[in-house]
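So this one's protein-v4.txt, compact mmCIF, C-alpha atoms and all ligand atoms:
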```
# COMPACT_ATOMS: atom_id res chain seq x y z
CA MET A 25 27.59 -18.35 11.29
CA ASN A 26 25.85 -18.96 8.00
CA ARG A 27 23.33 -16.14 7.51
CA ARG A 28 20.40 -18.37 6.62
CA LEU A 29 21.04 -20.55 9.65
CA GLY A 30 21.35 -17.41 11.76
CA ARG A 31 18.00 -16.16 10.49
CA PHE A 32 16.44 -19.54 11.12
CA LEU A 33 17.72 -19.67 14.67
CA ARG A 34 16.45 -16.16 15.33
CA SER A 35 13.06 -17.18 14.02
CA SER A 36 13.02 -20.28 16.23
CA VAL A 37 13.83 -18.20 19.28
CA GLY A 38 10.99 -15.90 18.25
CA ARG A 39 8.66 -18.84 18.01
CA MET A 40 9.34 -19.80 21.60
CA ARG A 41 7.91 -16.46 22.61
CA ALA A 42 4.65 -17.16 20.82
CA LEU A 43 1.69 -16.75 23.11
CA SER A 44 -1.80 -18.03 22.69
CA CYS A 45 -4.30 -17.32 25.43
CA GLY A 46 -8.08 -17.55 25.32
CA GLY A 47 -9.35 -15.51 22.44
CA ILE A 48 -6.08 -13.64 21.97
CA LEU A 49 -3.45 -14.72 19.55
CA ALA A 50 -0.27 -12.70 19.83
CA LEU A 51 2.67 -14.07 17.90
CA SER A 52 6.05 -12.53 18.45
CA LEU A 53 8.41 -13.69 15.76
CA GLY A 54 12.09 -12.87 15.49
CA ALA A 55 12.28 -13.37 11.74
CA VAL A 56 9.47 -11.03 10.80
CA ALA A 57 9.06 -7.32 11.01
CA LEU A 58 5.49 -7.35 12.12
CA LEU A 59 3.47 -9.05 14.79
CA GLN A 60 -0.01 -10.38 14.31
CA ALA A 61 -2.46 -9.67 17.09
CA ALA A 62 -5.93 -10.89 16.31
CA CYS A 63 -8.69 -11.26 18.89
CA THR A 64 -11.02 -13.98 17.80
CA LYS A 65 -14.05 -15.82 19.17
CA GLU A 66 -13.57 -19.02 17.19
CA GLU A 67 -9.91 -19.85 16.79
CA PRO A 68 -8.89 -19.45 13.13
CA TYR A 69 -6.77 -22.15 11.52
CA THR A 70 -3.01 -21.36 11.38
CA LYS A 71 -0.18 -23.24 9.71
CA GLU A 72 3.46 -22.23 9.38
CA THR A 73 6.51 -23.14 7.34
CA PHE A 74 10.00 -21.97 6.48
CA VAL A 75 10.59 -20.72 2.92
CA MET A 76 12.67 -18.09 1.07
CA GLY A 77 15.07 -17.97 4.02
CA THR A 78 12.37 -16.91 6.44
CA LYS A 79 9.32 -17.95 8.38
CA ALA A 80 5.91 -17.94 6.75
CA TRP A 81 2.44 -18.57 8.02
CA VAL A 82 -1.16 -18.44 6.93
CA THR A 83 -4.20 -17.91 9.12
CA ILE A 84 -7.63 -18.76 7.72
CA ALA A 85 -10.87 -17.72 9.41
CA GLY A 86 -14.40 -18.96 8.88
CA ALA A 87 -13.58 -22.17 6.99
CA LYS A 88 -13.92 -25.85 7.94
CA SER A 89 -10.59 -27.08 9.25
CA GLU A 90 -10.12 -29.68 6.45
CA ASP A 91 -10.75 -26.95 3.84
CA ALA A 92 -8.48 -24.54 5.67
CA GLU A 93 -5.71 -27.12 5.85
CA ARG A 94 -5.94 -27.92 2.13
CA ALA A 95 -5.91 -24.19 1.31
CA ALA A 96 -2.89 -23.59 3.58
CA LEU A 97 -0.98 -26.38 1.84
CA ALA A 98 -1.80 -24.81 -1.53
CA VAL A 99 -0.44 -21.49 -0.21
CA PHE A 100 2.85 -23.10 0.82
CA ARG A 101 3.15 -24.91 -2.51
CA GLU A 102 2.82 -21.54 -4.21
CA MET A 103 5.54 -20.06 -1.97
CA TYR A 104 7.96 -22.93 -2.73
CA ARG A 105 7.19 -22.65 -6.43
CA ILE A 106 7.93 -18.91 -6.46
CA GLU A 107 11.13 -19.51 -4.49
CA SER A 108 12.26 -21.95 -7.18
CA VAL A 109 11.80 -19.24 -9.85
CA MET A 110 12.96 -16.11 -8.00
CA SER A 111 15.61 -17.16 -5.48
CA ASN A 112 19.21 -16.01 -5.82
CA TRP A 113 20.19 -18.69 -3.30
CA LYS A 114 19.32 -21.50 -5.73
CA SER A 115 21.63 -21.68 -8.73
CA SER A 116 18.92 -23.60 -10.63
CA SER A 117 16.28 -20.86 -10.22
CA GLU A 118 15.19 -19.01 -13.32
CA VAL A 119 16.57 -15.68 -12.09
CA SER A 120 19.97 -17.30 -11.33
CA ARG A 121 20.08 -18.73 -14.86
CA LEU A 122 19.18 -15.32 -16.31
CA ASN A 123 22.00 -13.74 -14.26
CA ALA A 124 24.55 -16.35 -15.29
CA GLN A 125 23.61 -16.71 -18.92
CA SER A 126 22.36 -13.42 -20.37
CA GLN A 127 25.75 -11.61 -20.42
CA GLY A 128 24.66 -9.13 -23.07
CA LYS A 129 22.41 -11.52 -25.04
CA PRO A 130 18.59 -11.84 -24.91
CA PHE A 131 17.67 -14.62 -22.49
CA ALA A 132 14.19 -16.14 -22.86
CA VAL A 133 12.25 -15.99 -19.59
CA SER A 134 8.82 -17.07 -18.36
CA ARG A 135 6.00 -14.56 -18.56
CA GLU A 136 5.94 -14.57 -14.73
CA LEU A 137 9.61 -13.62 -14.27
CA PHE A 138 9.34 -11.08 -17.08
CA SER A 139 6.39 -9.37 -15.49
CA LEU A 140 7.98 -9.27 -12.01
CA ILE A 141 11.14 -7.66 -13.40
CA ASP A 142 9.00 -5.29 -15.47
CA SER A 143 7.07 -4.31 -12.30
CA SER A 144 10.37 -3.89 -10.43
CA PHE A 145 11.52 -1.37 -13.04
CA TYR A 146 8.17 0.43 -12.74
CA TYR A 147 8.82 0.90 -9.00
CA SER A 148 12.38 2.04 -9.79
CA GLU A 149 10.79 4.88 -11.76
CA ARG A 150 8.33 5.70 -8.99
CA THR A 151 11.11 5.83 -6.37
CA PHE A 152 13.47 7.93 -8.48
CA GLY A 153 15.86 4.99 -8.84
CA ALA A 154 16.04 4.14 -5.12
CA PHE A 155 14.49 0.71 -5.61
CA ASP A 156 16.57 -1.12 -8.19
CA VAL A 157 16.72 -4.91 -8.50
CA THR A 158 19.90 -4.65 -10.59
CA VAL A 159 21.74 -3.75 -7.35
CA ARG A 160 22.99 -7.32 -6.86
CA PRO A 161 26.69 -6.69 -7.73
CA LEU A 162 26.72 -4.28 -4.76
CA VAL A 163 24.80 -6.71 -2.51
CA THR A 164 27.48 -9.32 -3.24
CA LEU A 165 30.34 -6.85 -2.83
CA TRP A 166 29.17 -5.82 0.63
CA GLY A 167 28.95 -9.46 1.73
CA PHE A 168 25.17 -9.82 1.96
CA GLU A 169 25.12 -12.75 -0.38
CA GLY A 170 26.47 -15.82 1.38
CA GLY A 171 29.96 -14.63 2.22
CA SER A 172 30.96 -12.28 4.98
CA ALA A 173 32.83 -9.13 4.04
CA ALA A 174 35.93 -9.18 6.22
CA ARG A 175 36.80 -5.63 5.18
CA LEU A 176 35.15 -2.56 3.74
CA PRO A 177 34.98 -2.49 -0.06
CA THR A 178 37.31 0.12 -1.54
CA ASP A 179 36.00 3.11 -3.48
CA ALA A 180 37.37 1.49 -6.65
CA GLU A 181 35.46 -1.74 -5.94
CA ILE A 182 32.26 0.20 -5.24
CA GLY A 183 32.76 2.20 -8.45
CA GLY A 184 33.34 -1.04 -10.38
CA ALA A 185 30.11 -2.59 -9.07
CA MET A 186 28.17 0.63 -9.71
CA ALA A 187 29.23 0.57 -13.35
CA LEU A 188 27.40 -2.76 -13.66
CA ILE A 189 24.08 -1.68 -12.18
CA GLY A 190 21.15 0.49 -13.28
CA TYR A 191 17.75 -0.80 -14.40
CA GLY A 192 17.86 1.50 -17.43
CA LYS A 193 20.70 -0.58 -18.90
CA ALA A 194 18.66 -3.80 -19.08
CA THR A 195 16.50 -4.49 -22.14
CA LEU A 196 13.04 -6.00 -21.77
CA ASP A 197 11.44 -7.59 -24.83
CA PRO A 198 7.80 -8.36 -23.98
CA SER A 199 7.08 -10.17 -27.23
CA ALA A 200 9.49 -13.08 -26.64
CA PRO A 201 9.49 -12.55 -23.62
CA ALA A 202 13.22 -12.10 -23.11
CA ILE A 203 15.56 -9.99 -21.01
CA THR A 204 19.04 -8.78 -21.88
CA LEU A 205 21.35 -7.92 -18.99
CA PRO A 206 24.66 -6.24 -19.86
CA PRO A 207 27.69 -8.38 -18.93
CA GLY A 208 28.18 -8.44 -15.15
CA MET A 209 24.70 -7.10 -14.31
CA GLU A 210 22.68 -9.36 -12.01
CA ILE A 211 19.12 -9.16 -10.73
CA ASP A 212 18.26 -9.55 -7.02
CA LEU A 213 14.54 -9.97 -6.34
CA ALA A 214 14.87 -10.18 -2.53
CA GLY A 215 13.26 -6.76 -2.17
CA ILE A 216 10.08 -7.66 -4.07
CA ALA A 217 9.61 -11.44 -4.46
CA LYS A 218 8.10 -12.10 -1.03
CA GLY A 219 5.52 -9.38 -1.57
CA TYR A 220 4.67 -10.80 -4.97
CA ALA A 221 4.37 -14.25 -3.39
CA VAL A 222 1.77 -13.14 -0.82
CA ASP A 223 -0.36 -11.73 -3.65
CA ARG A 224 -0.22 -15.08 -5.45
CA CYS A 225 -1.09 -16.86 -2.21
CA ALA A 226 -4.10 -14.59 -1.66
CA ALA A 227 -5.22 -15.44 -5.21
CA ALA A 228 -4.81 -19.17 -4.46
CA LEU A 229 -6.98 -18.77 -1.35
CA ARG A 230 -9.68 -16.86 -3.24
CA GLU A 231 -9.78 -19.62 -5.87
CA ARG A 232 -10.60 -22.02 -3.05
CA GLY A 233 -13.46 -19.85 -1.83
CA ILE A 234 -11.59 -18.48 1.20
CA ALA A 235 -12.61 -14.88 1.95
CA ASN A 236 -10.99 -14.18 5.32
CA ALA A 237 -7.32 -14.97 5.69
CA PHE A 238 -3.97 -13.59 6.54
CA VAL A 239 -0.72 -14.54 4.76
CA ASN A 240 2.64 -13.60 6.25
CA LEU A 241 5.91 -14.31 4.49
CA GLY A 242 8.80 -12.89 6.50
CA GLY A 243 6.88 -9.75 7.42
CA ASN A 244 5.29 -9.32 3.99
CA ILE A 245 1.61 -9.57 4.77
CA PHE A 246 -1.58 -9.74 2.77
CA ALA A 247 -4.80 -9.47 4.78
CA MET A 248 -7.98 -10.72 3.08
CA GLY A 249 -11.34 -9.77 4.56
CA SER A 250 -11.47 -9.72 8.36
CA ALA A 251 -10.56 -11.61 11.49
CA PRO A 252 -13.69 -12.86 13.32
CA GLY A 253 -15.42 -9.96 15.07
CA GLU A 254 -13.03 -7.36 13.62
CA ARG A 255 -13.21 -4.75 10.87
CA GLY A 256 -10.09 -6.17 9.25
CA TRP A 257 -6.91 -7.82 10.49
CA PRO A 258 -5.13 -5.85 13.24
CA ILE A 259 -1.39 -6.03 12.60
CA GLY A 260 1.04 -5.23 15.40
CA ILE A 261 3.93 -2.95 14.45
CA ARG A 262 7.14 -4.35 15.76
CA ASP A 263 9.49 -2.24 17.86
CA PRO A 264 12.15 -1.19 15.29
CA ARG A 265 14.83 -1.63 17.95
CA GLY A 266 13.90 -5.28 18.42
CA GLY A 267 11.83 -5.09 21.63
CA ALA A 268 9.28 -7.87 22.12
CA ASN A 269 6.22 -5.60 22.42
CA ALA A 270 4.30 -4.11 19.53
CA VAL A 271 4.49 -0.32 19.43
CA GLY A 272 1.12 0.03 17.74
CA THR A 273 -1.31 -1.55 15.30
CA ILE A 274 -2.49 -1.05 11.75
CA MET A 275 -5.89 -2.36 10.71
CA LEU A 276 -5.68 -3.95 7.26
CA LYS A 277 -8.49 -5.10 5.03
CA ASP A 278 -7.86 -6.48 1.55
CA GLU A 279 -4.47 -4.85 1.41
CA ALA A 280 -0.84 -5.54 2.12
CA VAL A 281 1.92 -4.32 4.39
CA ALA A 282 5.68 -4.77 4.38
CA THR A 283 8.50 -3.50 6.55
CA SER A 284 12.10 -2.87 5.61
CA GLY A 285 14.68 -2.41 8.32
CA ASN A 286 18.28 -3.07 9.11
CA TYR A 287 17.76 -5.06 12.29
CA GLU A 288 17.27 -8.46 10.64
CA ASN A 289 19.96 -8.54 8.03
CA PHE A 290 23.33 -6.83 8.31
CA VAL A 291 27.08 -7.41 8.28
CA ASP A 292 29.56 -6.24 10.90
CA ILE A 293 32.81 -4.90 9.47
CA ASP A 294 35.51 -3.46 11.74
CA GLY A 295 33.02 -3.10 14.58
CA LYS A 296 30.48 -1.13 12.54
CA ARG A 297 27.12 -2.51 11.42
CA TYR A 298 26.02 -2.20 7.79
CA GLY A 299 22.42 -2.92 6.81
CA HIS A 300 21.42 -4.90 3.74
CA ILE A 301 19.63 -2.13 1.84
CA ILE A 302 21.96 -0.30 -0.51
CA ASP A 303 21.54 3.11 -2.08
CA PRO A 304 22.08 2.46 -5.81
CA ARG A 305 23.16 6.08 -6.22
CA THR A 306 26.08 5.88 -3.76
CA GLY A 307 26.76 2.14 -3.76
CA ARG A 308 26.65 2.15 0.03
CA PRO A 309 24.28 0.74 2.68
CA ILE A 310 21.76 3.17 4.10
CA ASP A 311 21.18 3.77 7.81
CA ALA A 312 19.29 7.06 7.93
CA VAL A 313 16.07 5.44 9.16
CA LEU A 314 15.44 2.50 11.49
CA SER A 315 12.56 1.02 9.55
CA VAL A 316 9.76 1.82 7.16
CA THR A 317 6.39 0.10 7.02
CA VAL A 318 4.35 0.51 3.83
CA VAL A 319 0.66 -0.27 3.36
CA ALA A 320 -0.44 -0.70 -0.27
CA PRO A 321 -3.13 -2.48 -2.31
CA THR A 322 -0.75 -5.34 -3.20
CA GLY A 323 2.08 -7.21 -1.52
CA LEU A 324 4.33 -6.55 -4.50
CA GLU A 325 3.84 -2.80 -4.20
CA SER A 326 4.28 -2.69 -0.41
CA ASP A 327 7.46 -4.79 -0.63
CA ALA A 328 9.11 -2.82 -3.43
CA LEU A 329 8.16 0.52 -1.86
CA SER A 330 9.30 -0.40 1.65
CA THR A 331 12.77 -1.11 0.27
CA GLY A 332 12.71 1.97 -1.99
CA PHE A 333 11.37 4.29 0.73
CA PHE A 334 14.04 3.03 3.13
CA VAL A 335 16.58 4.46 0.67
CA LEU A 336 14.61 7.64 -0.07
CA GLY A 337 13.78 8.60 3.53
CA PRO A 338 10.53 10.30 4.62
CA GLU A 339 10.95 13.57 2.77
CA ARG A 340 11.50 12.26 -0.71
CA SER A 341 9.07 9.38 -0.18
CA LYS A 342 6.33 11.96 0.23
CA ASP A 343 6.61 12.85 -3.47
CA ALA A 344 6.41 9.17 -4.41
CA VAL A 345 3.39 8.55 -2.13
CA ALA A 346 1.57 11.51 -3.69
CA SER A 347 1.82 9.83 -7.11
CA LEU A 348 0.54 6.42 -5.95
CA ARG A 349 -2.96 5.26 -5.04
CA ARG A 350 -3.81 4.00 -1.54
CA VAL A 351 -0.17 3.93 -0.43
CA LYS A 352 0.95 5.13 3.01
CA ALA A 353 4.14 4.73 4.98
CA LEU A 354 5.27 4.85 8.60
CA PHE A 355 8.95 5.63 9.18
CA ALA A 356 10.77 4.97 12.43
CA VAL A 357 13.76 7.27 12.91
CA GLU A 358 16.14 7.79 15.76
CA GLU A 359 16.08 11.26 17.32
CA GLY A 360 18.28 12.04 20.31
CA GLY A 361 18.40 8.41 21.40
CA GLU A 362 14.61 7.98 21.12
CA VAL A 363 12.51 6.48 18.37
CA ALA A 364 10.14 8.88 16.59
CA TYR A 365 7.60 7.93 13.94
CA ILE A 366 6.84 9.86 10.79
CA GLN A 367 3.64 9.23 8.91
CA VAL A 368 3.58 9.80 5.15
CA GLY A 369 0.20 9.52 3.40
CA ASP A 370 -3.22 9.10 4.97
CA PHE A 371 -3.84 6.05 7.17
CA GLY A 372 -7.47 7.18 7.59
CA GLY A 373 -7.81 6.08 11.22
CA THR A 374 -6.30 2.62 10.68
CA LEU A 375 -3.06 3.42 12.50
CA ARG A 376 -2.82 3.32 16.32
CA LEU A 377 0.44 3.89 18.14
CA SER A 378 0.97 3.36 21.86
CA ASP A 379 0.58 6.47 24.02
CA ALA A 380 4.22 7.26 24.64
CA THR A 381 5.02 7.24 20.95
CA VAL A 382 6.10 10.42 19.18
CA LEU A 383 4.28 10.69 15.85
CA ARG A 384 4.80 13.39 13.27
CA VAL A 385 2.79 13.69 10.11
CA GLN A 386 4.80 14.70 7.08
P1 LIG B 401 13.80 -8.35 3.33
O1 LIG B 401 14.32 -9.06 2.10
O2 LIG B 401 14.62 -8.58 4.54
O3 LIG B 401 12.35 -8.57 3.54
P2 LIG B 401 13.59 -5.92 1.80
O4 LIG B 401 12.29 -6.26 1.17
O5 LIG B 401 13.76 -4.50 2.20
O6 LIG B 401 13.94 -6.79 3.05
O7 LIG B 401 14.71 -6.28 0.71
C1 LIG B 401 16.07 -6.08 0.99
C2 LIG B 401 16.88 -6.90 0.01
O8 LIG B 401 16.75 -6.36 -1.31
C3 LIG B 401 18.38 -6.87 0.32
O9 LIG B 401 18.74 -7.94 1.18
C4 LIG B 401 19.00 -6.98 -1.05
O10 LIG B 401 19.06 -8.34 -1.44
C5 LIG B 401 18.02 -6.26 -1.94
N1 LIG B 401 18.30 -4.82 -2.05
C6 LIG B 401 19.20 -4.07 -1.37
N2 LIG B 401 19.17 -2.78 -1.74
C7 LIG B 401 18.19 -2.70 -2.69
C8 LIG B 401 17.67 -1.61 -3.48
N3 LIG B 401 18.12 -0.38 -3.35
N4 LIG B 401 16.68 -1.91 -4.37
C9 LIG B 401 16.22 -3.17 -4.52
N5 LIG B 401 16.65 -4.23 -3.80
C10 LIG B 401 17.63 -3.99 -2.90
MG MG B 402 11.03 -5.01 0.06
```

Could you spell out this file's structure in structure tokens?
Amino acid sequence: MNRRLGRFLRSSVGRMRALSCGGILALSLGAVALLQAACTKEEPYTKETFVMGTKAWVTIAGAKSEDAERAALAVFREMYRIESVMSNWKSSSEVSRLNAQSQGKPFAVSRELFSLIDSSFYYSERTFGAFDVTVRPLVTLWGFEGGSAARLPTDAEIGGAMALIGYGKATLDPSAPAITLPPGMEIDLAGIAKGYAVDRCAAALRERGIANAFVNLGGNIFAMGSAPGERGWPIGIRDPRGGANAVGTIMLKDEAVATSGNYENFVDIDGKRYGHIIDPRTGRPIDAVLSVTVVAPTGLESDALSTGFFVLGPERSKDAVASLRRVKALFAVEEGGEVAYIQVGDFGGTLRLSDATVLRVQ
């Protein structure tokens, strides 16, 4: 089955499990990594859509419903606009044109695309090369881009793709602005664009005078202000093995969260499952952890770091967290058939896990 259709169907199934009772709103969504659980007195306004291959929704509290509806539509317009710039699925998108046309020559790009790629390279540095948007030749080789890999790539094929990647080989010229990608190198913004988009959406809401809202784009969340009667927005942490119940909550206020895991997007080759996050240093998919959830001041940062930390694992991520402000991560790992959680960085009382959960602080 086509992967996008598969994702869409999974999200629709998730939607059927959505519950809304009295003051409690508990959405369980197959296409996202996190659940929203907000207890409210007056029901906030919620609207949803499908964009960037996933489900998105916005919840707005404390605004008149006409204003909330207009603001939600502006949020979705911003998501569609960013998709048209950043998507690898659309051959007309700016990033697709850069990939097809640079081939060793400077390619003039918008200030927006330039700055997202520039930020991506910044997070490559902070994650010791684990997060690298130039990884696309490997993403394609392993069959995560449209096709299905019927067989494992050979070592020679992996070596060939690895020769094309590496953010240090791209040239950024801020004055033009322009980007030069060596022949064969291609950029894949799937690990950062949704997080960037929720930041832009939060800005669009602020411009409209909205102070309390929640934007979720495929599990990339920005929480502005608070849910009614709360100290922030309580976000349910999804069971990394796909169970319907949240395993805990994180309280977010004016910050973002993102989760990277292998349970949503993978290929099966010869009966073995390969997840969609690839270690740029080995050219192979990573499966050392089940998922990693990162809280950070911006959606862009939480998205890039959740993908990078997934590659790095809890130990090495600790060094990265120490060098970043207001960043913390929760890893889910499998230990003897059970799921254990490892906390990296200080959640300062905002993290609650259900009683039976094993939590270690690294
Ligand atoms: P999702 O896109 O499902 O929200 P992520 O934010 O973790 O999940 O991004 C994973 C996507 O990023 C992959 O599907 C792939 O397109 C791309 N990717 C894979 N490995 C890396 C990597 N090491 N660095 C940057 N992007 C990656
Ligand atoms: Mg990411």

Could the residues that lie within 7 Å of ligand LIG 401 (chain B), counting all atoms listed in the file, be listed as a compact mmCIF listing (two decimals) with C-alpha atoms, in the frame of the given file?
```txt
# COMPACT_ATOMS: atom_id res chain seq x y z
CA ALA A 154 16.04 4.14 -5.12
CA PHE A 155 14.49 0.71 -5.61
CA ASP A 156 16.57 -1.12 -8.19
CA VAL A 157 16.72 -4.91 -8.50
CA VAL A 159 21.74 -3.75 -7.35
CA ARG A 160 22.99 -7.32 -6.86
CA VAL A 163 24.80 -6.71 -2.51
CA PHE A 168 25.17 -9.82 1.96
CA ASP A 212 18.26 -9.55 -7.02
CA LEU A 213 14.54 -9.97 -6.34
CA ALA A 214 14.87 -10.18 -2.53
CA GLY A 215 13.26 -6.76 -2.17
CA ILE A 216 10.08 -7.66 -4.07
CA GLY A 242 8.80 -12.89 6.50
CA GLY A 243 6.88 -9.75 7.42
CA THR A 283 8.50 -3.50 6.55
CA SER A 284 12.10 -2.87 5.61
CA GLY A 285 14.68 -2.41 8.32
CA GLU A 288 17.27 -8.46 10.64
CA ASN A 289 19.96 -8.54 8.03
CA HIS A 300 21.42 -4.90 3.74
CA ILE A 301 19.63 -2.13 1.84
CA ILE A 302 21.96 -0.30 -0.51
CA ASP A 303 21.54 3.11 -2.08
CA PRO A 304 22.08 2.46 -5.81
CA ASP A 327 7.46 -4.79 -0.63
CA ALA A 328 9.11 -2.82 -3.43
CA SER A 330 9.30 -0.40 1.65
CA THR A 331 12.77 -1.11 0.27
CA GLY A 332 12.71 1.97 -1.99
CA VAL A 335 16.58 4.46 0.67
```

Nearest to A:Asp294, chosen from A:Leu176, A:Ala227, A:Ala202, A:Gly256, with all atoms listed in the file counted in the distances: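 Among A:Leu176, A:Ala227, A:Ala202, A:Gly256, it is A:Leu176 that comes nearest to A:Asp294.
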
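If you look at atom CA of A:Ser347 and atom CA of A:Ala282, they are 19.0 Å away from each other.
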
Let me have the centre and edge lengths in Å, one decimal, of the box along x, y and z around every listed atom of stretch 365-377 of chain A with 6 Å of margin on each side, as lines of an AutoDock Vina configuration file.
```
center_x = -0.1
center_y = 6.2
center_z = 10.8
size_x = 27.4
size_y = 19.2
size_z = 26.7
```

Provide the atom CA of A:Leu324 to atom CA of A:Ser143 distance in Å, to one decimal place. 8.6 Å

When you count all atoms listed in the file, which of these residues is closest to ligand MG 402 (chain B): A:Leu329, A:Val222, A:Ala98, A:Ala194?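 For ligand MG 402 (chain B), the nearest of the candidates is A:Leu329.
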
Can you list, as a ChimeraX atom specification, every protein, DNA or RNA residue that comes within 12 Å of stretch 181-190 of chain A when you count all atoms listed in the file, leaving out same-chain residues fewer than 6 positions away? /A:127-128,144-145,148-149,152-166,175,205-212,302-309

Write the residues of the preceding selection, restricted to C-alpha atoms, as a CSV table (one decimal), in the coordinates of the input.
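Saved as selection.csv:
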```csv
chain,number,residue,atom,x,y,z
A,127,GLN,CA,25.8,-11.6,-20.4
A,128,GLY,CA,24.7,-9.1,-23.1
A,144,SER,CA,10.4,-3.9,-10.4
A,145,PHE,CA,11.5,-1.4,-13.0
A,148,SER,CA,12.4,2.0,-9.8
A,149,GLU,CA,10.8,4.9,-11.8
A,152,PHE,CA,13.5,7.9,-8.5
A,153,GLY,CA,15.9,5.0,-8.8
A,154,ALA,CA,16.0,4.1,-5.1
A,155,PHE,CA,14.5,0.7,-5.6
A,156,ASP,CA,16.6,-1.1,-8.2
A,157,VAL,CA,16.7,-4.9,-8.5
A,158,THR,CA,19.9,-4.6,-10.6
A,159,VAL,CA,21.7,-3.8,-7.4
A,160,ARG,CA,23.0,-7.3,-6.9
A,161,PRO,CA,26.7,-6.7,-7.7
A,162,LEU,CA,26.7,-4.3,-4.8
A,163,VAL,CA,24.8,-6.7,-2.5
A,164,THR,CA,27.5,-9.3,-3.2
A,165,LEU,CA,30.3,-6.8,-2.8
A,166,TRP,CA,29.2,-5.8,0.6
A,175,ARG,CA,36.8,-5.6,5.2
A,205,LEU,CA,21.4,-7.9,-19.0
A,206,PRO,CA,24.7,-6.2,-19.9
A,207,PRO,CA,27.7,-8.4,-18.9
A,208,GLY,CA,28.2,-8.4,-15.2
A,209,MET,CA,24.7,-7.1,-14.3
A,210,GLU,CA,22.7,-9.4,-12.0
A,211,ILE,CA,19.1,-9.2,-10.7
A,212,ASP,CA,18.3,-9.6,-7.0
A,302,ILE,CA,22.0,-0.3,-0.5
A,303,ASP,CA,21.5,3.1,-2.1
A,304,PRO,CA,22.1,2.5,-5.8
A,305,ARG,CA,23.2,6.1,-6.2
A,306,THR,CA,26.1,5.9,-3.8
A,307,GLY,CA,26.8,2.1,-3.8
A,308,ARG,CA,26.6,2.2,0.0
A,309,PRO,CA,24.3,0.7,2.7
```

Compare A:Ser89, A:Gly249, A:Val133, A:Ala174 by their minimum atom-to-atom distance to A:Thr204, counting only C-alpha atoms, and give me the closest one. A:Val133

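In this comparison, which uses all atoms listed in the file, the residue of A:Thr273, A:Asn236, A:Thr70, A:Asn112 approaching A:Arg94 most closely is A:Thr70.
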
Could you work out how far atom CA of A:Val99 lies from atom CA of A:Thr317, giving the answer in Å with one decimal? 23.8 Å

Nearest candidate to ligand MG 402 (chain B) (options A:Gly266, A:Phe371, A:Asn244, A:Phe355; using all atoms listed in the file): A:Asn244

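Proximity of A:Glu325, A:Glu231, A:Glu102, A:Glu67 to ligand MG 402 (chain B), computed with all atoms listed in the file, is greatest for A:Glu325.
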
Please write as a list of chain:residue names the list of polymer residues whose atoms come within 6 Å of (-11.8, -15.7, 12.2), counting only C-alpha atoms and keeping to the coordinates of the file. A:Thr64, A:Pro68, A:Ala85, A:Gly86, A:Ala251, A:Pro252
